[in-house]
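Structure first, commentary second.
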Protein chains: 2
Amino acid sequence: MLKTKELGEFGLINRISSHLEFRAANSIQSIGDDCAVYPVSAGANEVISTDAMVEDIHFKLSTTTPEALGRKALSISLSDIAAMGGTPKRALVTLGIPKKISVSFLDKLYSGFNDICNQFQVELAGGDTVSSPKCFFINVAVIGEAKNIFTRKGAKPGDLIFVTGTLGDSSLGLKLLKKKKRTSKDHRFLIQKHLDPTARIKEAGILSRSKISITSMIDISDGLVQDLYHICKSSNVGAQIHEESLPQSLEFVRTCNKNLVSPLPLILNGGEDYELLFTLPPDGVKKLNRQFLKAKALVTQIGEIVLKPKKVSLKLREGTTKTLQDSEGFNHF
Amino acid sequence: MLKTKELGEFGLINRISSHLEFRAANSIQSIGDDCAVYPVSAGANEVISTDAMVEDIHFKLSTTTPEALGRKALSISLSDIAAMGGTPKRALVTLGIPKKISVSFLDKLYSGFNDICNQFQVELAGGDTVSSPKCFFINVAVIGEAKNIFTRKGAKPGDLIFVTGTLGDSSLGLKLLKKKKRTSKDHRFLIQKHLDPTARIKEAGILSRSKISITSMIDISDGLVQDLYHICKSSNVGAQIHEESLPQSLEFVRTCNKNLVSPLPLILNGGEDYELLFTLPPDGVKKLNRQFLKAKALVTQIGEIVLKPKKVSLKLREGTTKTLQDSEGFNHF
């Protein structure tokens with residue numbers, strides 16, 4: 001019996017896709033990117049995506065609050081819309097509810113949904129609530145709009161690679177959460193980044209309106225390296241990133257130093273950063289930096305796209321270069 | 001601690017809605033009908049809905065096949081689109097997968113999804129597959145298009161009440177399934193109706209194109225009486241239905257007779273029929289019957305809308321009338 005674990009998530013997605021025969025005549029992008037894309041009118045596209053969180057796999061009730069859980073469940077779906085350069089418009093929420101979940105818990109969970117809906121002007125348009133005795137789960141489907149679609153497949157040799165925000169905070173936060181270390185302000189910051197990430201809707205909006213030629217984009221959910229591999233495979237290119245350029249928060253650096261934790265594995269493979277990773281030709285860099293500075297949003301150039309197909313390498317601080325392995329990231333099975 | 005069971009599904013939906021502040025300026029229908037509705041262009045609306053199925057609550061792996069399960073998971077979501085008079089266009093499928101589920105099982109499940117997608121020209125546009133050690137669940141979000149929207153709230157006194165297909169088959173099929181009685185052809189027919197219902201997309205299409213003034217519509221998932229109550233409450237009217245008019249399949253009648261099962265509770269409160277229940281003024285009846293006859297689709301007049309608000313009554317064969325209680329249907333908690 002072939003187990004799902006042996007195929008892995010991406011092998012499973014490929015296998016599943018092979019069963020599906022019907023394709024809409026007007027579909028621009030179907031299975032295989034952050035969102036599926038459909039044209040709705042001249043210059044306007046619909047982008048759709050869905051994401052689920054399961055208790056004890058994606059969260060523990062003992063280490064989060066219902067409000068933060070509601071915010072995260074919505075944010076990770078909105079992040080997929082951001083990854084295509086879209087603006088989220090409406091969401092459908094499904095809850096699988098075991099008996100232990102009280103109405104007061106659900107009130108707080110929905111208060112979390114409401115926070116994010118208000119912040120990003122997203123309407124929670126409906127959903128389904130079902131009894132699920134053995135496990136608590138949340139599924140969010142989101143529909144957004146996008147003028148320009150940024151997929152994974154347009155990166156070209158010579159393009160520069162950028163990332164929003166900082167890397168590794170979420171996975172270090174998760175480590176601290178497991179060790180129940182949350183005494184310092186730094187710890188609380190990192191744990192917060194894990195439990196309550198921000199979807200980069202604002203940054204996606206800057207890119208979409210900027211008229212800079214963004215050649216590819218993805219959100220970092222599986223880890224920098226694995227998500228960069230997704231871009232490289234879809235675009236049939238390679239990438240080189242530079243250790244010295246990888247953006248880290250002060251809180252991350254201090255905590256790694258204090259606890260003698262090696263930062264690089266967390267930055268490269270940590271996962272759940274929900275930052276945007278994207279590429280553009282060098283002539284767009286000045287405009288990009290100016291617009292992010294104006295919006296007080298962090299963006300960092302971390303490397304460049306190279307010809308050598310489907311290989312991601314890291315230039316270390318000391319000067320040598322090593323090839324990074326694919327599938328080192330977070331495997332969902 | 002207030003338990004979700006005490007609120008019930010509809011109490012919970014009301015409570016949840018009260019937390020949500022942001023409403024899109026262009027939303028036509030939000031939480032509280034089968035689908036949410038948004039205008040996309042002149043005369044065209046987007047209708048969206050989501051439905052989840054959880055193992056041991058909505059299905060048992062020992063009594064269904066993966067193919068039938070895939071077809072049903074998609075069909076019950078498509079049924080919500082039909083209930084608004086819409087045409088389904090694309091779907092997002094989330095699977096929560098425990099270890100016991102093999103790749104071969106998923107192949108068959110997707111073959112079931114593929115059947116329905118081909119039949120109704122629906123693109124399976126993407127989804128999410130997550131590990132869920134304790135329970136197997138399937139969530140389907142569907143996006144459709146509709147010219148004319150049929151909601152629950154336009155029924156008027158004097159309107160006539162119609163239903164597609166036959167009633168009670170699914171719940172009798174479920175009874176047989178639990179008793180492992182599936183020896184006869186009749187039993188297999190009824191079990192099939194439970195395990196593999198047909199979304200009334202074709203019938204919704206007839207109604208949508210007919211230009212008959214359909215004043216309200218819903219699909220029967222909770223049971224005839226409870227779903228008729230949904231129409232009555234939303235429209236602020238009452239309804240009278242006639243025992244002698246309630247459509248039953250031959251297989252249902254024969255099986256009830258043979259097993260001394262009382263048919264009426266199954267017809268009224270059985271649930272999961274996924275037939276369309278709708279209302280129209282008397283002047284549309286001739287056209288309706290002609291069009292359904294032409295399409296070889298079954299439709300039956302079962303009663304009329306009355307002034308007395310929010311009461312559903314049943315006129316029995318012997319002539320007396322009794323008020324039917326609300327919330328007798330399937331309670332999801």
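Letters A, B, ... go to the chains of the structure tokens in the order shown; residues in each chain start at 1; ligands are counted from 1 in the same order.
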Among region 69-254 of chain B, which ones does DSSP assign to strand (DSSP E) (computed from the backbone)? Answer as a JSON list (two decimals) with C-alpha atoms, in the first residue's frame.
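That gives us part-v8.json:
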[["chain", "number", "residue", "atom", "x", "y", "z"],
["B", 87, "THR", "CA", -24.26, 27.30, -12.38],
["B", 88, "PRO", "CA", -21.16, 25.94, -10.62],
["B", 89, "LYS", "CA", -17.86, 26.89, -12.26],
["B", 90, "ARG", "CA", -14.93, 25.97, -10.01],
["B", 91, "ALA", "CA", -14.17, 24.26, -6.73],
["B", 92, "LEU", "CA", -11.40, 24.16, -4.12],
["B", 93, "VAL", "CA", -11.01, 20.90, -2.20],
["B", 94, "THR", "CA", -9.34, 20.57, 1.20],
["B", 95, "LEU", "CA", -8.51, 17.12, 2.53],
["B", 96, "GLY", "CA", -7.57, 16.36, 6.13],
["B", 97, "ILE", "CA", -5.79, 13.03, 5.76],
["B", 123, "GLU", "CA", -12.97, 22.95, -12.75],
["B", 124, "LEU", "CA", -11.28, 21.64, -9.63],
["B", 125, "ALA", "CA", -9.04, 24.68, -9.37],
["B", 126, "GLY", "CA", -6.92, 23.87, -6.35],
["B", 127, "GLY", "CA", -7.06, 23.06, -2.68],
["B", 128, "ASP", "CA", -5.09, 22.07, 0.35],
["B", 129, "THR", "CA", -4.00, 18.65, 1.63],
["B", 130, "VAL", "CA", -3.10, 18.49, 5.29],
["B", 131, "SER", "CA", -2.20, 15.80, 7.75],
["B", 137, "PHE", "CA", -12.41, 15.32, 6.51],
["B", 138, "ILE", "CA", -13.24, 16.85, 3.16],
["B", 139, "ASN", "CA", -14.11, 20.49, 2.62],
["B", 140, "VAL", "CA", -15.32, 21.77, -0.73],
["B", 141, "ALA", "CA", -15.69, 25.46, -1.57],
["B", 142, "VAL", "CA", -17.56, 26.18, -4.80],
["B", 143, "ILE", "CA", -17.83, 29.29, -6.93],
["B", 144, "GLY", "CA", -20.65, 29.62, -9.43],
["B", 145, "GLU", "CA", -22.35, 32.17, -11.62],
["B", 146, "ALA", "CA", -25.99, 33.22, -11.61],
["B", 160, "LEU", "CA", -47.43, 27.63, -4.74],
["B", 161, "ILE", "CA", -44.75, 25.35, -3.30],
["B", 162, "PHE", "CA", -42.88, 22.91, -5.53],
["B", 163, "VAL", "CA", -40.20, 20.30, -5.01],
["B", 164, "THR", "CA", -38.00, 18.44, -7.49],
["B", 216, "SER", "CA", -37.89, 31.75, -3.18],
["B", 217, "MET", "CA", -35.71, 28.65, -3.31],
["B", 218, "ILE", "CA", -33.61, 26.40, -1.04],
["B", 219, "ASP", "CA", -32.15, 22.91, -1.33],
["B", 238, "GLY", "CA", -46.42, 30.50, 6.54],
["B", 239, "ALA", "CA", -46.89, 27.37, 4.47],
["B", 240, "GLN", "CA", -49.34, 24.52, 4.13],
["B", 241, "ILE", "CA", -48.29, 21.26, 2.52],
["B", 242, "HIS", "CA", -50.48, 18.30, 1.58]]
- Task: Pull out every residue of chain B sitting within 7 Å of chain A, counting only C-alpha atoms, and send them as JSON, numbers by chain.
- Result: {"B": [1, 2, 3, 4, 16, 19, 20, 21, 22, 23, 24, 30, 31, 36, 49, 50, 51, 52, 54, 92, 102, 103, 107, 110, 111, 114, 117, 118, 121, 122, 123, 125, 126, 127, 128, 130, 131, 132, 134, 135, 141, 332, 333]}
- Message: Env of Gly270 (chain B): 6 Å cut, atoms = only C-alpha atoms, seq-sep filter 2 positions within chain, self excluded. Answer as a ChimeraX atom specification.
- Response: /B:168,171,223,266-267
- Out of A:Pro197, A:Pro157, A:Pro309, A:Gly173, which residue has the shortest atom-to-atom distance to Ala68 (chain A) when counting only C-alpha atoms?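 The shortest atom-to-atom distance to Ala68 (chain A) comes from A:Pro197.
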